[in-house]
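What follows is the content of query_27.csv (CSV, C-alpha atoms and all ligand atoms).
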chain,number,residue,atom,x,y,z
A,19,MET,CA,80.9,99.3,119.5
A,20,GLU,CA,81.1,102.8,121.0
A,21,ARG,CA,80.7,105.6,118.6
A,22,CYS,CA,82.1,109.0,119.5
A,23,GLY,CA,80.6,110.9,116.7
A,24,ARG,CA,81.8,110.7,113.1
A,25,VAL,CA,84.3,113.6,112.8
A,26,VAL,CA,86.0,114.5,116.1
A,27,PRO,CA,89.0,116.7,116.9
A,28,ALA,CA,92.2,114.6,117.1
A,29,ASP,CA,92.7,115.6,120.8
A,30,GLU,CA,93.4,113.2,123.7
A,31,THR,CA,89.7,112.2,124.0
A,32,GLY,CA,89.3,111.7,120.3
A,33,ILE,CA,92.4,109.6,120.0
A,34,ALA,CA,91.5,107.5,123.1
A,35,CYS,CA,88.1,106.8,121.5
A,36,GLY,CA,89.7,106.0,118.2
A,37,ALA,CA,92.1,103.5,119.9
A,38,GLU,CA,89.2,101.8,121.6
A,39,ILE,CA,87.3,101.4,118.3
A,40,LEU,CA,90.4,100.0,116.6
A,41,ARG,CA,90.9,97.4,119.4
A,42,GLU,CA,87.2,96.4,119.0
A,43,GLY,CA,87.7,95.8,115.3
A,44,GLY,CA,86.2,99.0,113.9
A,45,LEU,CA,87.5,101.5,111.3
A,46,VAL,CA,89.1,104.8,112.2
A,47,ALA,CA,90.4,107.4,109.7
A,48,PHE,CA,93.4,109.4,111.0
A,49,PRO,CA,95.9,111.9,109.6
A,50,THR,CA,99.4,110.9,108.8
A,51,GLU,CA,102.0,113.4,107.4
A,52,THR,CA,101.3,112.1,103.9
A,53,VAL,CA,97.5,111.6,103.5
A,54,TYR,CA,94.7,110.4,105.8
A,55,GLY,CA,94.7,106.6,106.4
A,56,LEU,CA,91.7,104.3,106.9
A,57,GLY,CA,92.9,102.3,109.8
A,58,ALA,CA,92.0,98.9,111.3
A,59,ASP,CA,93.6,96.4,113.6
A,60,ALA,CA,96.2,94.7,111.3
A,61,THR,CA,96.0,91.4,113.3
A,62,ASN,CA,92.2,91.1,112.9
A,63,ASP,CA,91.1,89.5,109.6
A,64,ARG,CA,87.5,90.8,109.9
A,65,ALA,CA,88.6,94.4,110.6
A,66,VAL,CA,90.9,94.3,107.6
A,67,ALA,CA,88.1,92.9,105.4
A,68,ALA,CA,86.0,95.9,106.5
A,69,ILE,CA,88.7,98.2,105.0
A,70,PHE,CA,88.3,96.5,101.7
A,71,ALA,CA,84.5,96.7,101.9
A,72,ALA,CA,84.6,100.4,102.8
A,73,LYS,CA,87.0,101.3,100.0
A,74,GLY,CA,85.0,99.3,97.4
A,75,ARG,CA,88.2,97.9,95.8
A,76,PRO,CA,87.5,95.3,93.1
A,77,ARG,CA,90.8,93.6,94.2
A,78,PHE,CA,92.6,92.9,97.4
A,79,ASN,CA,95.6,95.2,97.2
A,80,PRO,CA,98.2,94.7,99.9
A,81,LEU,CA,98.0,97.4,102.6
A,82,ILE,CA,100.6,99.3,104.6
A,83,VAL,CA,100.9,98.4,108.3
A,84,HIS,CA,101.6,101.4,110.6
A,85,VAL,CA,103.8,100.8,113.6
A,86,ALA,CA,105.5,102.9,116.3
A,87,GLY,CA,109.1,102.2,115.2
A,88,ILE,CA,111.7,99.7,114.3
A,89,ALA,CA,111.4,97.6,117.4
A,90,GLU,CA,107.7,97.1,116.8
A,91,ALA,CA,108.2,96.4,113.1
A,92,GLU,CA,110.8,93.8,114.0
A,93,CYS,CA,108.1,91.6,115.5
A,94,LEU,CA,106.2,91.6,112.2
A,95,VAL,CA,108.9,91.5,109.5
A,96,GLU,CA,112.5,90.5,108.9
A,97,PHE,CA,114.8,93.5,108.4
A,98,SER,CA,117.8,93.1,106.1
A,99,SER,CA,120.8,95.4,106.9
A,100,ALA,CA,119.8,97.6,104.0
A,101,ALA,CA,116.2,97.9,105.2
A,102,ALA,CA,117.4,98.7,108.8
A,103,GLU,CA,119.6,101.4,107.5
A,104,LEU,CA,116.8,103.1,105.6
A,105,ALA,CA,114.5,102.8,108.6
A,106,ARG,CA,117.1,104.4,110.9
A,107,VAL,CA,117.4,107.4,108.6
A,108,PHE,CA,113.8,107.9,107.4
A,109,TRP,CA,111.6,106.7,110.3
A,110,PRO,CA,109.4,108.1,111.5
A,111,GLY,CA,108.5,109.5,108.1
A,112,PRO,CA,107.0,108.9,104.7
A,113,LEU,CA,108.9,105.7,103.8
A,114,THR,CA,107.3,102.3,103.5
A,115,LEU,CA,109.4,99.1,103.5
A,116,VAL,CA,108.2,95.9,102.0
A,117,LEU,CA,109.8,93.0,103.9
A,118,PRO,CA,109.3,89.3,104.5
A,119,ARG,CA,106.7,88.6,107.2
A,120,THR,CA,107.7,86.7,110.3
A,121,GLN,CA,105.7,83.7,111.6
A,122,ARG,CA,105.1,85.0,115.1
A,123,GLY,CA,103.9,88.5,114.1
A,124,GLY,CA,100.2,87.5,114.0
A,125,LEU,CA,99.3,89.8,111.2
A,126,SER,CA,96.2,89.1,109.1
A,127,LEU,CA,97.0,87.4,105.8
A,128,LEU,CA,94.5,89.6,104.2
A,129,VAL,CA,96.7,92.7,105.1
A,130,SER,CA,99.2,91.7,102.4
A,131,ALA,CA,96.6,89.9,100.1
A,132,GLY,CA,98.2,86.6,100.9
A,133,LEU,CA,101.8,87.6,100.1
A,134,ASP,CA,104.7,86.5,102.2
A,135,THR,CA,105.8,90.1,102.4
A,136,VAL,CA,104.3,93.0,104.4
A,137,ALA,CA,104.6,96.8,103.9
A,138,VAL,CA,105.5,98.6,107.1
A,139,ARG,CA,105.9,102.2,107.9
A,140,SER,CA,106.3,104.4,111.0
A,141,PRO,CA,104.5,107.6,110.4
A,142,ALA,CA,105.8,110.9,111.8
A,143,HIS,CA,102.4,112.7,112.3
A,144,PRO,CA,101.8,113.2,116.1
A,145,VAL,CA,98.2,112.1,115.9
A,146,ALA,CA,99.1,108.9,114.0
A,147,ARG,CA,101.9,108.2,116.5
A,148,LYS,CA,99.6,108.8,119.5
A,149,LEU,CA,96.9,106.6,118.0
A,150,ILE,CA,99.3,103.7,117.4
A,151,ALA,CA,100.8,104.0,120.9
A,152,THR,CA,97.4,104.2,122.6
A,153,ALA,CA,95.8,101.3,120.6
A,154,GLY,CA,99.0,99.2,121.2
A,155,ILE,CA,98.4,97.3,118.0
A,156,PRO,CA,99.8,97.5,114.4
A,157,ILE,CA,97.4,99.5,112.3
A,158,ALA,CA,96.6,98.6,108.7
A,159,ALA,CA,95.7,101.7,106.7
A,160,PRO,CA,95.4,102.4,103.0
A,161,SER,CA,94.6,106.0,101.9
A,162,ALA,CA,91.2,106.9,103.2
A,163,ASN,CA,89.3,107.3,100.0
A,164,ARG,CA,86.9,105.2,97.9
A,165,SER,CA,88.7,103.1,95.3
A,166,GLY,CA,89.5,105.2,92.2
A,167,HIS,CA,89.1,108.5,94.1
A,168,VAL,CA,92.0,110.8,95.0
A,169,SER,CA,93.6,110.4,98.4
A,170,ALA,CA,92.2,112.5,101.2
A,171,THR,CA,94.2,115.2,102.8
A,172,ARG,CA,91.5,116.6,105.0
A,173,ALA,CA,89.1,115.0,107.5
A,174,GLN,CA,86.2,116.5,105.6
A,175,HIS,CA,87.3,114.7,102.4
A,176,VAL,CA,87.3,111.4,104.2
A,177,ALA,CA,83.8,112.1,105.7
A,178,GLU,CA,82.4,113.0,102.2
A,179,ASP,CA,84.0,110.0,100.5
A,180,LEU,CA,83.5,107.2,103.1
A,181,GLY,CA,80.6,108.6,105.2
A,182,PRO,CA,79.0,106.1,107.5
A,183,LEU,CA,81.4,103.3,106.3
A,184,VAL,CA,84.0,104.5,108.8
A,185,ASN,CA,83.3,104.5,112.6
A,186,LEU,CA,85.3,107.6,113.4
A,187,VAL,CA,87.3,110.3,111.6
A,188,LEU,CA,90.0,112.0,113.7
A,189,ASP,CA,90.3,115.5,112.4
A,190,GLY,CA,93.9,116.6,112.6
A,191,SER,CA,93.6,119.4,110.0
A,192,ALA,CA,95.2,119.2,106.5
A,193,THR,CA,98.1,116.8,106.0
A,194,ILE,CA,101.4,118.4,105.5
A,195,LEU,CA,102.9,116.4,102.5
A,196,GLY,CA,99.7,115.6,100.6
A,197,ILE,CA,101.3,112.7,98.6
A,198,GLU,CA,101.7,109.2,99.7
A,199,SER,CA,104.8,107.5,101.2
A,200,THR,CA,107.5,106.1,99.0
A,201,VAL,CA,107.3,102.3,98.8
A,202,ILE,CA,110.6,100.4,98.7
A,203,GLY,CA,111.0,96.6,98.2
A,204,PHE,CA,114.2,94.6,98.1
A,205,GLU,CA,115.5,92.1,95.5
A,206,ASP,CA,118.8,90.3,95.8
A,207,GLY,CA,119.8,92.7,98.5
A,208,HIS,CA,119.2,95.9,96.6
A,209,ALA,CA,116.4,98.5,97.0
A,210,VAL,CA,113.7,98.6,94.4
A,211,LEU,CA,111.4,101.7,94.1
A,212,LEU,CA,107.9,100.2,94.0
A,213,ARG,CA,106.0,103.5,94.3
A,214,ALA,CA,107.4,107.0,94.0
A,215,GLY,CA,106.3,109.2,96.9
A,216,ALA,CA,107.2,111.8,99.5
A,217,VAL,CA,110.9,110.6,99.9
A,218,SER,CA,112.7,111.2,96.7
A,219,ARG,CA,114.9,108.7,94.9
A,220,GLU,CA,117.9,111.1,95.4
A,221,GLU,CA,117.3,111.1,99.2
A,222,LEU,CA,117.2,107.3,99.2
A,223,GLU,CA,120.2,106.8,97.0
A,224,ALA,CA,122.3,109.0,99.3
A,225,ILE,CA,121.8,106.3,101.9
A,226,ALA,CA,121.2,103.1,100.1
A,227,GLY,CA,123.3,103.5,96.9
A,228,ARG,CA,121.6,102.9,93.6
A,229,VAL,CA,117.8,102.3,93.9
A,230,HIS,CA,116.4,100.1,91.1
A,231,SER,CA,113.3,101.0,89.2
A,232,ARG,CA,110.4,98.6,89.2
A,233,ALA,CA,110.9,98.0,85.5
A,234,GLN,CA,114.4,96.7,86.1
A,235,SER,CA,113.2,94.2,88.7
A,236,ARG,CA,111.2,91.0,88.6
A,237,ILE,CA,108.5,92.7,90.7
A,238,SER,CA,107.3,94.6,87.7
A,239,SER,CA,103.7,95.6,88.6
A,240,PRO,CA,101.5,95.6,91.7
A,241,GLY,CA,99.2,93.3,89.8
A,242,GLN,CA,101.9,90.7,89.4
A,243,LEU,CA,103.0,91.2,93.0
A,244,VAL,CA,99.5,90.2,94.1
A,245,ASN,CA,99.8,87.0,92.1
A,246,HIS,CA,102.9,86.1,94.0
A,247,TYR,CA,101.0,83.7,96.2
A,248,ALA,CA,99.4,81.1,94.1
A,249,PRO,CA,98.4,77.7,95.5
A,250,HIS,CA,100.3,74.7,94.2
A,251,THR,CA,97.1,72.7,94.1
A,252,ARG,CA,94.9,73.3,91.1
A,253,LEU,CA,91.7,75.3,91.8
A,254,ARG,CA,88.4,74.2,90.3
A,255,LEU,CA,86.0,77.1,90.4
A,256,ASN,CA,82.2,77.2,90.6
A,257,ALA,CA,82.1,73.5,91.7
A,258,ALA,CA,78.6,72.0,91.7
A,259,GLN,CA,79.8,68.7,93.1
A,260,VAL,CA,83.0,67.4,94.6
A,261,ALA,CA,85.2,64.2,94.3
A,262,PRO,CA,86.6,62.3,97.3
A,263,GLU,CA,90.2,63.1,96.2
A,264,GLU,CA,89.4,66.8,96.3
A,265,VAL,CA,89.3,69.3,99.2
A,266,LEU,CA,86.5,71.8,99.2
A,267,LEU,CA,86.4,75.6,99.8
A,268,ALA,CA,82.7,76.0,100.5
A,269,PHE,CA,80.6,79.1,100.8
A,270,GLY,CA,77.2,79.4,102.4
A,271,PRO,CA,74.8,77.1,104.3
A,272,LYS,CA,74.4,74.5,101.6
A,273,GLU,CA,77.9,72.8,101.7
A,274,LEU,CA,78.6,70.2,99.1
A,275,SER,CA,79.4,66.8,100.7
A,276,GLY,CA,82.0,64.1,99.8
A,277,ALA,CA,85.3,66.1,99.9
A,278,ARG,CA,88.4,64.8,101.7
A,279,LEU,CA,88.3,68.0,103.8
A,280,THR,CA,86.1,71.1,103.8
A,281,ARG,CA,86.6,74.6,104.9
A,282,ASN,CA,83.7,77.0,104.7
A,283,LEU,CA,84.5,80.7,104.0
A,284,SER,CA,81.2,81.7,105.6
A,285,ARG,CA,78.4,79.3,106.6
A,286,THR,CA,76.0,82.3,106.8
A,287,GLY,CA,77.0,83.5,103.3
A,288,ASN,CA,78.6,86.7,104.7
A,289,LEU,CA,81.1,88.0,102.2
A,290,ARG,CA,83.1,90.0,104.8
A,291,GLU,CA,83.6,86.9,106.8
A,292,ALA,CA,84.6,85.1,103.6
A,293,ALA,CA,87.2,87.7,102.7
A,294,ALA,CA,88.6,87.5,106.3
A,295,ASN,CA,89.0,83.7,105.9
A,296,LEU,CA,90.1,83.5,102.3
A,297,PHE,CA,93.9,83.4,102.4
A,298,ALA,CA,94.2,81.4,105.6
A,299,MET,CA,91.8,78.7,104.3
A,300,LEU,CA,93.4,78.6,100.8
A,301,ARG,CA,96.8,78.0,102.4
A,302,GLU,CA,95.4,75.4,104.7
A,303,LEU,CA,93.8,73.4,101.9
A,304,ASP,CA,96.8,73.9,99.6
A,305,ALA,CA,99.0,72.2,102.2
A,306,LEU,CA,97.1,68.9,101.9
A,307,ASN,CA,98.3,68.1,98.4
A,308,ALA,CA,94.9,67.1,97.3
A,309,GLU,CA,94.0,66.4,93.6
A,310,SER,CA,92.4,69.8,93.4
A,311,ILE,CA,90.7,72.4,95.5
A,312,ALA,CA,87.0,72.6,94.5
A,313,VAL,CA,85.6,76.1,95.1
A,314,MET,CA,81.8,76.7,95.4
A,315,PRO,CA,80.4,79.7,93.6
A,316,ILE,CA,80.7,83.1,95.3
A,317,PRO,CA,78.3,85.9,94.5
A,318,GLU,CA,79.8,88.9,92.7
A,319,ASP,CA,78.3,91.6,95.0
A,320,GLY,CA,80.3,93.6,97.6
A,321,LEU,CA,83.5,91.9,98.5
A,322,GLY,CA,82.5,89.0,96.3
A,323,GLU,CA,84.1,90.7,93.4
A,324,ALA,CA,87.5,90.9,95.0
A,325,ILE,CA,87.2,87.3,96.3
A,326,ASN,CA,86.4,86.1,92.8
A,327,ASP,CA,89.2,88.1,91.3
A,328,ARG,CA,91.7,86.5,93.7
A,329,LEU,CA,90.3,83.0,93.1
A,330,GLN,CA,90.4,83.4,89.3
A,331,ARG,CA,94.0,84.5,89.4
A,332,ALA,CA,94.9,81.5,91.6
A,333,ALA,CA,93.0,79.2,89.2
A,334,ALA,CA,94.6,80.5,85.9
A,335,PRO,CA,97.1,78.2,84.2
A,336,ARG,CA,100.6,78.7,85.6
A,337,ASP,CA,102.3,79.1,82.2
A,338,VAL,CA,100.1,82.1,81.3
A,339,LEU,CA,101.6,85.4,82.4
A,340,ARG,CA,99.0,87.1,84.5
A,341,ALA,CA,99.2,90.9,84.7
A,401,LIG,O1,101.3,107.6,102.6
A,401,LIG,C1,100.8,106.4,102.5
A,401,LIG,O2,101.5,105.5,102.2
A,401,LIG,C2,99.4,106.2,102.9
A,401,LIG,C3,99.2,106.5,104.4
A,401,LIG,C4,97.9,106.3,104.9
A,401,LIG,O3,100.2,105.7,105.1
A,401,LIG,N1,98.9,104.9,102.7
A,401,LIG,C5,98.7,104.4,101.4
A,401,LIG,O4,98.3,103.1,101.3
A,401,LIG,O5,99.0,105.1,100.4
A,401,LIG,P1,97.7,102.4,100.0
A,401,LIG,O6,97.1,101.1,100.4
A,401,LIG,O7,96.8,103.4,99.3
A,401,LIG,O8,99.0,102.0,99.1
A,401,LIG,C6,99.8,101.0,99.5
A,401,LIG,C7,100.9,100.8,98.5
A,401,LIG,C8,100.3,100.2,97.2
A,401,LIG,O9,101.0,100.7,96.1
A,401,LIG,C9,100.6,98.7,97.4
A,401,LIG,O10,100.7,98.0,96.2
A,401,LIG,C10,102.0,98.7,98.1
A,401,LIG,O11,101.8,99.8,99.0
A,401,LIG,N2,102.2,97.5,98.9
A,401,LIG,C11,101.6,97.2,100.1
A,401,LIG,N3,102.0,96.0,100.5
A,401,LIG,C12,102.9,95.5,99.6
A,401,LIG,C13,103.6,94.3,99.5
A,401,LIG,N4,103.5,93.3,100.4
A,401,LIG,N5,104.3,94.2,98.3
A,401,LIG,C14,104.4,95.1,97.4
A,401,LIG,N6,103.7,96.3,97.5
A,401,LIG,C15,103.0,96.5,98.6
A,402,MG,MG,95.7,104.7,97.8
Can the structure from this file be put into C-alpha cells for me?
Amino acid sequence: MERCGRVVPADETGIACGAEILREGGLVAFPTETVYGLGADATNDRAVAAIFAAKGRPRFNPLIVHVAGIAEAECLVEFSSAAAELARVFWPGPLTLVLPRTQRGGLSLLVSAGLDTVAVRSPAHPVARKLIATAGIPIAAPSANRSGHVSATRAQHVAEDLGPLVNLVLDGSATILGIESTVIGFEDGHAVLLRAGAVSREELEAIAGRVHSRAQSRISSPGQLVNHYAPHTRLRLNAAQVAPEEVLLAFGPKELSGARLTRNLSRTGNLREAAANLFAMLRELDALNAESIAVMPIPEDGLGEAINDRLQRAAAPRDVLRA
C-alpha cells in the first residue's frame, strides 16, 4: 500500500492519496466539522476490523458510516419519512441517523457490530466531502482517538494518539464544532435521542416534533443495543470437542473435526481476520438450526478481547438482562 507520509496537508494531492489508501483497505484519519474521524472502507470487513484494532476498543461498538448525501445513504439504509425529513434539513451536517440496513448495500456487518441497523451521516466539512467523493465508497469512521481517550480535534492529536496505527492523517486544521454529531434512532415512528451532540434537541424538535430520550425508549443503552443481534442457536464456548449435531465456529490451524458444518474465523490464527469474519459466520451458522454452535477458544490478546466479549454476550442465557 502506498504511503504518502503520515501527516499531510488536506489538499488535492493529500485527499487523492487518502482516497487511494481507503480503496486499498487502509486507514485514513480526516477532519469532519465535529471531530477527526478514523476512516476505512465500510464495505470491507478487514478494513473495518483494522479500525477496531487501532482504537484498542475492548468491545465492538457500532460505527458511523459517512456518505455524500441522501441518495448515497438510500443504497445502504431504509429511510422512514421522519428520517428523510431530518436528513433534508440537517445534511450535510453533524446529525447521525440510525436506520435499518438494506440487503443490497454491501456494508460490512462489523460496521454495525452485527446489528440490523446502521448509523449514517453526511458530513459538511469540505475535506470529508472531497474524500468521500474521490474514494467513491462509504467510509466507516469513529472518532480518531484510542479507546477511552478524548476525541481528536486536530491532526496532531490524531498522530500522537494513533501514531503508526493509521496509514495517513489528512491535516485540515482544527475542527470547527469540537463535539461529536447527535445520534438519532427511531422507534415506533418517533425519533429517539441516542447521543446528544452538535445538533441540539430544540433544533431537532422544531422539525421532528417531540424527540424521546433514550431512557423513555426500549433502546436504553448502547451496551444493550449491541446485544440486539443474538443468535437463536445456543452457543457453547471454549469447545474442546464437537458433536455431530453441532456446527463449529473454529479458530486457528487445528480445527476440531466431526461437526455438521465448520466455519473457521481464521485458519492462520489472525485475530483481525477473525474479527472481519465473526458476524457473517455467526449468522451463517445460526441459520442452520443446529443443536448448538460450538466455538473453539479464542486468545484474549488484541482484537481477541472484543471477539470474546461479543461471543460471551451471545452465549449468555436469554432470560438474563445483559447490560
Ligand atoms: O461526530 C461524529 O459523530 C464522529 C465523526 C468522526 O463523524 N464520529 C463518532 O463516531 O463520534 P463514534 O464511533 O465515536 O460514535 C458512534 C456513536 C456511538 O455512540 C454508537 O453507539 C452510535 O454512534 N451508533 C453507531 N451505530 C449505531 C447503531 N446501529 N445503533 C445505535 N447506535 C449506533
Ligand atoms: Mg468516540
* Selection: 8 Å around A:Arg75, all atoms listed in the file, excl. self and same-chain fewer than 6 positions, as JSON, numbers by chain -> {"A": [164, 165, 324]}
Now that the selection is made, can you save its residues with C-alpha atoms as a PDB file, keeping the file's coordinate frame?
ATOM      1  CA  ARG A 164      86.900 105.200  97.900  1.00  0.00           C
ATOM      2  CA  SER A 165      88.700 103.100  95.300  1.00  0.00           C
ATOM      3  CA  ALA A 324      87.500  90.900  95.000  1.00  0.00           C
TER       4      ALA A 324
END
* To do: Please identify all polymer residues within 10 Å of A:Gly207, counting all atoms listed in the file, omitting same-chain residues fewer than 6 positions from it, and present them as an MDAnalysis selection string.
  => chainID A and resid 98:101
Sorted per-residue table, chain A near ligand MG 402 (chain A), closest atoms and distance, 9 Å, only C-alpha atoms and all ligand atoms, as a tab-separated table:
residue	atom	partner	partner_atom	distance
A:Gly55	CA	A:MG402	MG	8.9
A:Pro160	CA	A:MG402	MG	5.7
A:Ser161	CA	A:MG402	MG	4.4
A:Ala162	CA	A:MG402	MG	7.4
A:Asn163	CA	A:MG402	MG	7.2
A:Arg164	CA	A:MG402	MG	8.8
A:Ser165	CA	A:MG402	MG	7.6
A:Gly166	CA	A:MG402	MG	8.4
A:His167	CA	A:MG402	MG	8.5
A:Val168	CA	A:MG402	MG	7.7
A:Ser169	CA	A:MG402	MG	6.1
A:Glu198	CA	A:MG402	MG	7.7
* Return as a ChimeraX atom specification every polymer residue, whether protein, DNA or RNA, with at least one atom no more than 7 Å from an atom of ligand LIG 401 (chain A); count all atoms listed in the file. => /A:50,52-56,79-82,112,114,116,130,133,135-137,159-162,197-201,203,212-213,240,243
* Asked: Within 9 Å of (92.8, 113.7, 106.9), in the coordinates the file gives, what residues turn up when you count only C-alpha atoms, written out as a ChimeraX atom specification?
  -> /A:47-50,53-55,162,170-176,187-193
Generate a file of the selected residues that holds C-alpha atoms, formatted as an mmCIF file, in the frame of the given file.
data_model
loop_
_atom_site.group_PDB
_atom_site.id
_atom_site.type_symbol
_atom_site.label_atom_id
_atom_site.label_comp_id
_atom_site.auth_asym_id
_atom_site.auth_seq_id
_atom_site.Cartn_x
_atom_site.Cartn_y
_atom_site.Cartn_z
ATOM 1 C CA ALA A 47 90.400 107.400 109.700
ATOM 2 C CA PHE A 48 93.400 109.400 111.000
ATOM 3 C CA PRO A 49 95.900 111.900 109.600
ATOM 4 C CA THR A 50 99.400 110.900 108.800
ATOM 5 C CA VAL A 53 97.500 111.600 103.500
ATOM 6 C CA TYR A 54 94.700 110.400 105.800
ATOM 7 C CA GLY A 55 94.700 106.600 106.400
ATOM 8 C CA ALA A 162 91.200 106.900 103.200
ATOM 9 C CA ALA A 170 92.200 112.500 101.200
ATOM 10 C CA THR A 171 94.200 115.200 102.800
ATOM 11 C CA ARG A 172 91.500 116.600 105.000
ATOM 12 C CA ALA A 173 89.100 115.000 107.500
ATOM 13 C CA GLN A 174 86.200 116.500 105.600
ATOM 14 C CA HIS A 175 87.300 114.700 102.400
ATOM 15 C CA VAL A 176 87.300 111.400 104.200
ATOM 16 C CA VAL A 187 87.300 110.300 111.600
ATOM 17 C CA LEU A 188 90.000 112.000 113.700
ATOM 18 C CA ASP A 189 90.300 115.500 112.400
ATOM 19 C CA GLY A 190 93.900 116.600 112.600
ATOM 20 C CA SER A 191 93.600 119.400 110.000
ATOM 21 C CA ALA A 192 95.200 119.200 106.500
ATOM 22 C CA THR A 193 98.100 116.800 106.000
#
* To do: Name the closest residue to A:Leu45 among the candidates A:Leu127, A:Leu279, A:Ala258, A:Ala67; distances are taken between atoms, counting all atoms listed in the file.
  =>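 Closest to A:Leu45 of all the choices is A:Ala67.
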Could you list, as a PDB file with C-alpha atoms, keeping the file's coordinate frame, every residue within 10 Å of A:Pro182, counting all atoms listed in the file and ignoring same-chain residues fewer than 5 positions away?
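Final output, selection19.pdb:
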ATOM      1  CA  ARG A  24      81.800 110.700 113.100  1.00  0.00           C
ATOM      2  CA  ALA A  72      84.600 100.400 102.800  1.00  0.00           C
ATOM      3  CA  ALA A 177      83.800 112.100 105.700  1.00  0.00           C
TER       4      ALA A 177
END
* Nearest residue to A:Gln234 from the set A:Val260, A:Ala91, A:Ala209, A:Val107 (distances using all atoms listed in the file) ->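 Among the listed residues, the smallest separation from A:Gln234 belongs to A:Ala209.
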* Between A:Val229, A:Ala86, A:Leu183, A:Ala68, which one has atoms that come closest to A:Ser140, using only C-alpha atoms? -> A:Ala86
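If you measure from each of A:Glu96, A:Glu220, A:Glu309, A:Asp304 to A:Glu264 using all atoms listed in the file, the closest one turns out to be A:Glu309.
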